[in-house]
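Here is the file input14.cif (mmCIF, C-alpha atoms).
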```cif
data_work
#
loop_
_atom_site.label_atom_id
_atom_site.label_comp_id
_atom_site.auth_asym_id
_atom_site.auth_seq_id
_atom_site.Cartn_x
_atom_site.Cartn_y
_atom_site.Cartn_z
CA MET A 1 102.24 142.48 212.98
CA ASP A 2 102.56 139.97 215.84
CA LYS A 3 105.66 139.69 217.98
CA PRO A 4 108.51 137.91 216.17
CA LYS A 5 108.92 134.19 216.81
CA ILE A 6 112.68 134.68 216.44
CA LYS A 7 114.54 137.98 216.84
CA ILE A 8 118.25 138.33 216.11
CA ASN A 9 120.16 141.28 217.53
CA ASN A 10 123.76 142.12 216.48
CA LEU A 11 124.66 138.48 215.94
CA ASN A 12 128.32 137.72 215.27
CA LEU A 13 129.87 134.27 214.95
CA TRP A 14 133.47 133.15 214.55
CA TYR A 15 134.96 129.77 213.63
CA ALA A 16 138.27 130.25 215.46
CA ASP A 17 139.68 133.41 213.76
CA PHE A 18 137.29 133.43 210.81
CA GLN A 19 134.19 135.61 211.22
CA ALA A 20 131.30 133.82 209.51
CA LEU A 21 128.44 136.13 210.62
CA LYS A 22 128.75 139.89 210.98
CA ASP A 23 126.26 142.02 212.93
CA VAL A 24 123.16 140.19 211.70
CA ASN A 25 119.77 141.66 212.69
CA ALA A 26 116.46 140.10 211.60
CA ALA A 27 113.00 139.04 212.78
CA PHE A 28 111.12 135.88 211.77
CA TYR A 29 107.37 135.62 212.25
CA THR A 30 105.03 132.77 213.16
CA LYS A 31 103.54 130.66 210.37
CA ARG A 32 105.61 132.30 207.65
CA ILE A 33 108.24 130.79 205.36
CA THR A 34 111.50 132.72 205.20
CA ALA A 35 114.13 131.91 202.57
CA ILE A 36 117.80 132.73 203.12
CA ILE A 37 119.62 133.12 199.78
CA GLY A 38 123.15 134.05 198.74
CA PRO A 39 126.26 132.58 197.11
CA SER A 40 128.12 129.60 198.56
CA GLY A 41 130.10 130.37 201.70
CA CYS A 42 128.11 133.52 202.56
CA GLY A 43 126.93 132.25 205.98
CA LYS A 44 123.43 130.97 205.13
CA SER A 45 123.77 127.54 206.73
CA THR A 46 125.76 128.96 209.65
CA LEU A 47 122.87 131.34 210.37
CA LEU A 48 120.36 128.50 210.13
CA ARG A 49 122.36 126.36 212.58
CA VAL A 50 122.43 129.20 215.10
CA PHE A 51 118.71 128.68 215.72
CA ASN A 52 119.21 125.22 217.23
CA ARG A 53 122.81 125.74 218.35
CA MET A 54 124.16 123.07 215.97
CA ASN A 55 127.25 125.24 215.43
CA ASP A 56 128.22 124.40 219.01
CA LEU A 57 129.29 120.97 217.76
CA ILE A 58 132.19 122.61 215.89
CA GLU A 59 135.32 123.31 217.92
CA GLY A 60 136.35 126.93 218.32
CA VAL A 61 132.94 128.50 217.65
CA ARG A 62 132.26 131.79 219.43
CA THR A 63 129.05 133.81 219.27
CA THR A 64 128.09 137.29 220.45
CA GLY A 65 124.77 139.14 220.31
CA SER A 66 121.38 137.64 221.07
CA VAL A 67 118.92 135.28 219.39
CA LEU A 68 115.52 135.39 221.05
CA VAL A 69 113.13 132.49 220.44
CA ASP A 70 109.81 133.34 222.12
CA ASP A 71 111.71 136.02 224.11
CA THR A 72 114.27 133.50 225.47
CA ASP A 73 117.88 134.14 224.49
CA ILE A 74 119.06 130.80 223.14
CA ILE A 75 122.71 131.97 223.02
CA ASP A 76 122.68 131.87 226.84
CA SER A 77 125.03 129.17 228.14
CA LYS A 78 122.34 127.91 230.54
CA ILE A 79 119.88 127.02 227.77
CA ASP A 80 118.67 123.40 227.70
CA LEU A 81 119.90 122.26 224.27
CA VAL A 82 117.78 119.08 224.21
CA ALA A 83 114.63 121.14 224.81
CA LEU A 84 115.77 123.73 222.23
CA ARG A 85 116.36 121.11 219.54
CA LYS A 86 112.95 119.60 220.24
CA LYS A 87 111.37 123.01 219.72
CA VAL A 88 113.53 123.89 216.70
CA GLY A 89 113.78 120.89 214.35
CA MET A 90 116.07 120.61 211.34
CA VAL A 91 115.87 118.94 207.92
CA PHE A 92 119.19 118.48 206.14
CA GLN A 93 120.35 118.60 202.52
CA ARG A 94 120.35 114.86 202.07
CA PRO A 95 117.56 112.88 203.74
CA ASN A 96 118.98 111.02 206.74
CA PRO A 97 116.50 108.35 207.85
CA PHE A 98 117.84 105.99 210.51
CA PRO A 99 118.54 102.35 209.50
CA LEU A 100 115.32 101.32 211.24
CA SER A 101 111.77 100.59 210.18
CA ILE A 102 109.54 103.46 209.02
CA TYR A 103 107.56 103.08 212.27
CA GLU A 104 110.70 103.18 214.47
CA ASN A 105 111.98 106.26 212.64
CA ILE A 106 108.85 108.19 213.53
CA ILE A 107 108.77 107.28 217.22
CA PHE A 108 112.53 107.63 217.66
CA GLY A 109 112.17 111.15 219.07
CA GLN A 110 109.65 110.02 221.66
CA LYS A 111 112.21 107.55 222.98
CA VAL A 112 115.05 110.10 222.93
CA HIS A 113 112.96 112.53 224.97
CA GLY A 114 112.00 109.77 227.40
CA ASN A 115 108.28 109.92 226.66
CA ALA A 116 106.68 106.79 228.11
CA ILE A 117 103.66 106.24 225.89
CA ASN A 118 101.59 103.14 225.20
CA LYS A 119 101.35 101.38 221.85
CA ASN A 120 98.01 102.96 220.93
CA ARG A 121 99.48 106.44 221.42
CA ARG A 122 102.60 105.48 219.45
CA ASP A 123 100.42 104.20 216.60
CA GLU A 124 98.49 107.48 216.70
CA ILE A 125 101.67 109.56 216.52
CA VAL A 126 102.96 107.54 213.57
CA GLU A 127 99.69 107.93 211.66
CA GLN A 128 99.38 111.66 212.43
CA SER A 129 103.00 112.38 211.53
CA LEU A 130 102.93 110.45 208.25
CA SER A 131 99.54 111.95 207.36
CA SER A 132 100.89 115.46 207.91
CA VAL A 133 103.50 114.87 205.18
CA PHE A 134 101.04 112.98 202.91
CA LEU A 135 102.81 109.63 203.30
CA TRP A 136 100.27 107.67 205.35
CA ASP A 137 98.33 106.22 202.42
CA GLU A 138 101.56 105.22 200.65
CA LEU A 139 103.25 103.66 203.67
CA LYS A 140 100.57 102.45 206.10
CA ASP A 141 101.04 98.83 204.93
CA LYS A 142 104.86 99.07 204.98
CA LEU A 143 105.50 100.45 208.49
CA LYS A 144 107.77 97.52 209.40
CA SER A 145 109.87 97.96 206.25
CA SER A 146 113.27 99.66 206.40
CA ALA A 147 113.15 103.40 205.83
CA LEU A 148 116.30 103.04 203.73
CA GLY A 149 114.26 101.44 200.95
CA LEU A 150 112.19 104.57 200.29
CA SER A 151 112.70 106.95 197.36
CA LEU A 152 114.69 110.14 198.02
CA GLU A 153 111.53 112.24 198.13
CA GLN A 154 109.82 109.80 200.52
CA LYS A 155 112.93 109.79 202.73
CA GLN A 156 112.87 113.59 202.93
CA ARG A 157 109.15 113.55 203.80
CA LEU A 158 109.85 110.86 206.41
CA CYS A 159 112.57 113.01 208.00
CA ILE A 160 110.08 115.90 208.20
CA ALA A 161 107.48 113.55 209.73
CA ARG A 162 110.06 112.39 212.29
CA LEU A 163 110.54 116.02 213.35
CA ILE A 164 106.82 116.71 213.49
CA ALA A 165 106.31 113.70 215.79
CA VAL A 166 108.01 115.58 218.67
CA LYS A 167 105.89 118.69 218.08
CA PRO A 168 108.42 121.41 217.27
CA ASP A 169 107.44 125.07 216.76
CA ILE A 170 110.05 125.91 214.16
CA LEU A 171 111.29 123.90 211.16
CA LEU A 172 114.73 124.65 209.72
CA MET A 173 115.40 123.33 206.22
CA ASP A 174 118.94 123.40 204.83
CA GLU A 175 118.72 122.96 201.03
CA PRO A 176 115.98 120.31 201.52
CA CYS A 177 115.47 119.79 197.77
CA SER A 178 119.06 119.84 196.53
CA SER A 179 119.17 116.07 196.02
CA LEU A 180 115.69 115.81 194.49
CA ASP A 181 114.50 115.94 190.89
CA PRO A 182 112.26 118.86 189.77
CA GLN A 183 109.00 116.93 190.24
CA ALA A 184 109.94 115.79 193.76
CA THR A 185 111.11 119.34 194.53
CA LEU A 186 107.68 120.75 193.66
CA LYS A 187 106.03 118.16 195.94
CA ILE A 188 108.27 119.16 198.87
CA GLU A 189 107.52 122.84 198.18
CA GLU A 190 103.80 122.07 198.21
CA LEU A 191 104.33 120.26 201.52
CA MET A 192 106.10 123.33 202.96
CA ARG A 193 103.07 125.46 202.13
CA GLN A 194 100.83 122.99 203.96
CA LEU A 195 103.15 122.83 206.98
CA GLN A 196 103.28 126.62 207.14
CA LYS A 197 99.75 126.59 208.58
CA HIS A 198 101.21 125.13 211.77
CA TYR A 199 104.92 125.99 211.85
CA THR A 200 107.42 128.79 211.39
CA ILE A 201 109.72 127.65 208.56
CA ILE A 202 113.18 128.95 207.63
CA ILE A 203 114.75 127.53 204.49
CA VAL A 204 118.25 127.96 203.07
CA THR A 205 118.29 127.56 199.31
CA HIS A 206 120.60 128.15 196.35
CA ASN A 207 117.56 127.97 194.11
CA MET A 208 116.22 131.50 193.69
CA GLN A 209 113.16 130.29 191.80
CA GLN A 210 112.36 128.12 194.81
CA ALA A 211 112.76 131.07 197.18
CA ALA A 212 110.45 133.13 194.98
CA ARG A 213 107.85 130.34 194.76
CA VAL A 214 107.68 129.17 198.33
CA SER A 215 108.66 131.96 200.74
CA ASP A 216 106.85 134.94 202.25
CA ASP A 217 110.06 136.69 203.33
CA THR A 218 113.61 136.53 201.99
CA GLY A 219 117.01 137.47 203.35
CA PHE A 220 120.02 137.93 201.06
CA MET A 221 123.43 137.18 202.59
CA LEU A 222 126.89 138.05 201.29
CA LEU A 223 130.24 137.46 203.04
CA GLY A 224 128.60 136.90 206.42
CA GLU A 225 126.38 139.99 206.29
CA LEU A 226 122.61 140.07 205.92
CA ILE A 227 122.52 142.62 203.11
CA GLU A 228 118.75 142.87 202.74
CA PHE A 229 115.71 141.31 204.40
CA GLY A 230 112.06 141.82 203.56
CA LEU A 231 108.99 140.56 201.74
CA THR A 232 109.96 138.09 199.02
CA ALA A 233 107.99 140.01 196.39
CA ASP A 234 109.92 143.19 197.22
CA ILE A 235 113.34 141.51 197.32
CA PHE A 236 112.82 139.97 193.88
CA THR A 237 111.10 142.88 192.13
CA LYS A 238 112.42 146.03 193.81
CA PRO A 239 115.53 145.28 195.89
CA LYS A 240 116.89 148.28 197.77
CA ASP A 241 120.55 147.25 197.63
CA LYS A 242 122.49 147.03 194.36
CA ARG A 243 124.29 143.89 195.61
CA THR A 244 120.93 142.14 196.02
CA GLU A 245 119.87 143.19 192.54
CA ASP A 246 123.19 141.98 191.07
CA TYR A 247 122.77 138.59 192.74
CA ILE A 248 119.16 137.93 191.79
CA THR A 249 119.72 139.06 188.19
CA GLY A 250 122.70 136.70 187.89
CA ARG A 251 125.43 139.33 187.55
CA TYR A 252 127.48 137.41 190.10
CA GLY A 253 127.26 134.52 192.56
#
```

Will you turn the file into structure tokens for me?
Amino acid sequence: MDKPKIKINNLNLWYADFQALKDVNAAFYTKRITAIIGPSGCGKSTLLRVFNRMNDLIEGVRTTGSVLVDDTDIIDSKIDLVALRKKVGMVFQRPNPFPLSIYENIIFGQKVHGNAINKNRRDEIVEQSLSSVFLWDELKDKLKSSALGLSLEQKQRLCIARLIAVKPDILLMDEPCSSLDPQATLKIEELMRQLQKHYTIIIVTHNMQQAARVSDDTGFMLLGELIEFGLTADIFTKPKDKRTEDYITGRYG
């Protein structure tokens, strides 16, 4: 197998005195979808936010160990966080489009990163980004309309398009379908499979059926520990740890 895109070594994280992650070790590979599953409060979202250092925004956070993204330790205090968050984009539970037009939402990142580009190039980026999430045909005549008027599913696709516009390598998705109905959920899952051809995707989900449907690899977390990590088919059909088996068969959690 290729070198990992992300490699975690002995990762520990504390919120003040509370240890949220305990000696986590894992590797994530290019152009694969990895699902992180586990009961509420087990550390799934904390782990996801490590990859773009979003936990740093919380007071009293302390981290030890290493997280290598393309062999660069992103836990290092000297890391450029703006560059990191451009490379590692994040989609949240509830879609969060800005109160701007659809067009302005897509090119927002270009402005944040100070990219001076002409109108033709901006138009190109908007079309490419919306096309990549299968929204171009629906929205090409509504680009000046407010993004807040879109359906929930369209808003979530738009947020993914906004990330894609700044050309990240890695997409983090924190419960991206939790506010969507089953039909919209399936469309977002289908989109993930398309995006996987170009990106490394890590998804946190409470929905085990979703993890089984959409991911190549799965990690099961419990009380801050990564209990088991491997191919999704193996985790769901022949887990090695009894705690994993108990969780996926619904005995607890």

Distance of CA of Ile164 in chain A from CA of Phe108 in chain A, expressed in Å to one decimal place:
11.5 Å

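The residues returned by the PyMOL selection byres ((chain A and resi 240) around 12) for this structure are Phe220, Ile227, Glu228, Phe229, Gly230, Leu231, Asp234, Ile235, Phe236, Thr237, Lys238, Pro239, Asp241, Lys242, Arg243, Thr244, Glu245 and Asp246 of chain A.
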
Separation of CA of Arg162 in chain A from CA of Ala147 in chain A in Å:
11.5 Å

Exactly which residues make up the result of the PyMOL selection byres ((chain A and resi 66-79) around 9) on this file, given as a PyMOL selection string?
chain A and resi 3-11+50-53+63-65+80-84

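Atom to atom, CA of Leu150 in chain A and CA of Glu124 in chain A stand 21.6 Å apart.
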
What does the PyMOL selection byres ((chain A and resi 31) around 6) select in this file, as a VMD selection string?
chain A and resid 30 32 196 to 197 199 to 200

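Checking A:Ala161, A:Met90, A:Leu226, A:Leu186 one by one against Gln210 in chain A, counting all atoms listed in the file, you find the shortest gap at A:Leu186.
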
Write out as a PDB file with C-alpha atoms, in the coordinates of the input each polymer residue whose atoms come within 9 Å of Leu135 in chain A, counting all atoms listed in the file; drop sequence neighbours fewer than 5 positions from it.
```pdb
ATOM      1  CA  SER A 129     103.000 112.380 211.530  1.00  0.00           C
ATOM      2  CA  LEU A 130     102.930 110.450 208.250  1.00  0.00           C
ATOM      3  CA  LYS A 140     100.570 102.450 206.100  1.00  0.00           C
ATOM      4  CA  GLN A 154     109.820 109.800 200.520  1.00  0.00           C
ATOM      5  CA  ARG A 157     109.150 113.550 203.800  1.00  0.00           C
ATOM      6  CA  LEU A 158     109.850 110.860 206.410  1.00  0.00           C
ATOM      7  CA  ALA A 161     107.480 113.550 209.730  1.00  0.00           C
TER       8      ALA A 161
END
```

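Distance annotation: of A:Lys142, A:Leu148, A:Phe134, A:Ile36, the residue with the minimal separation from Gln194 in chain A is A:Phe134; atom set is only C-alpha atoms.
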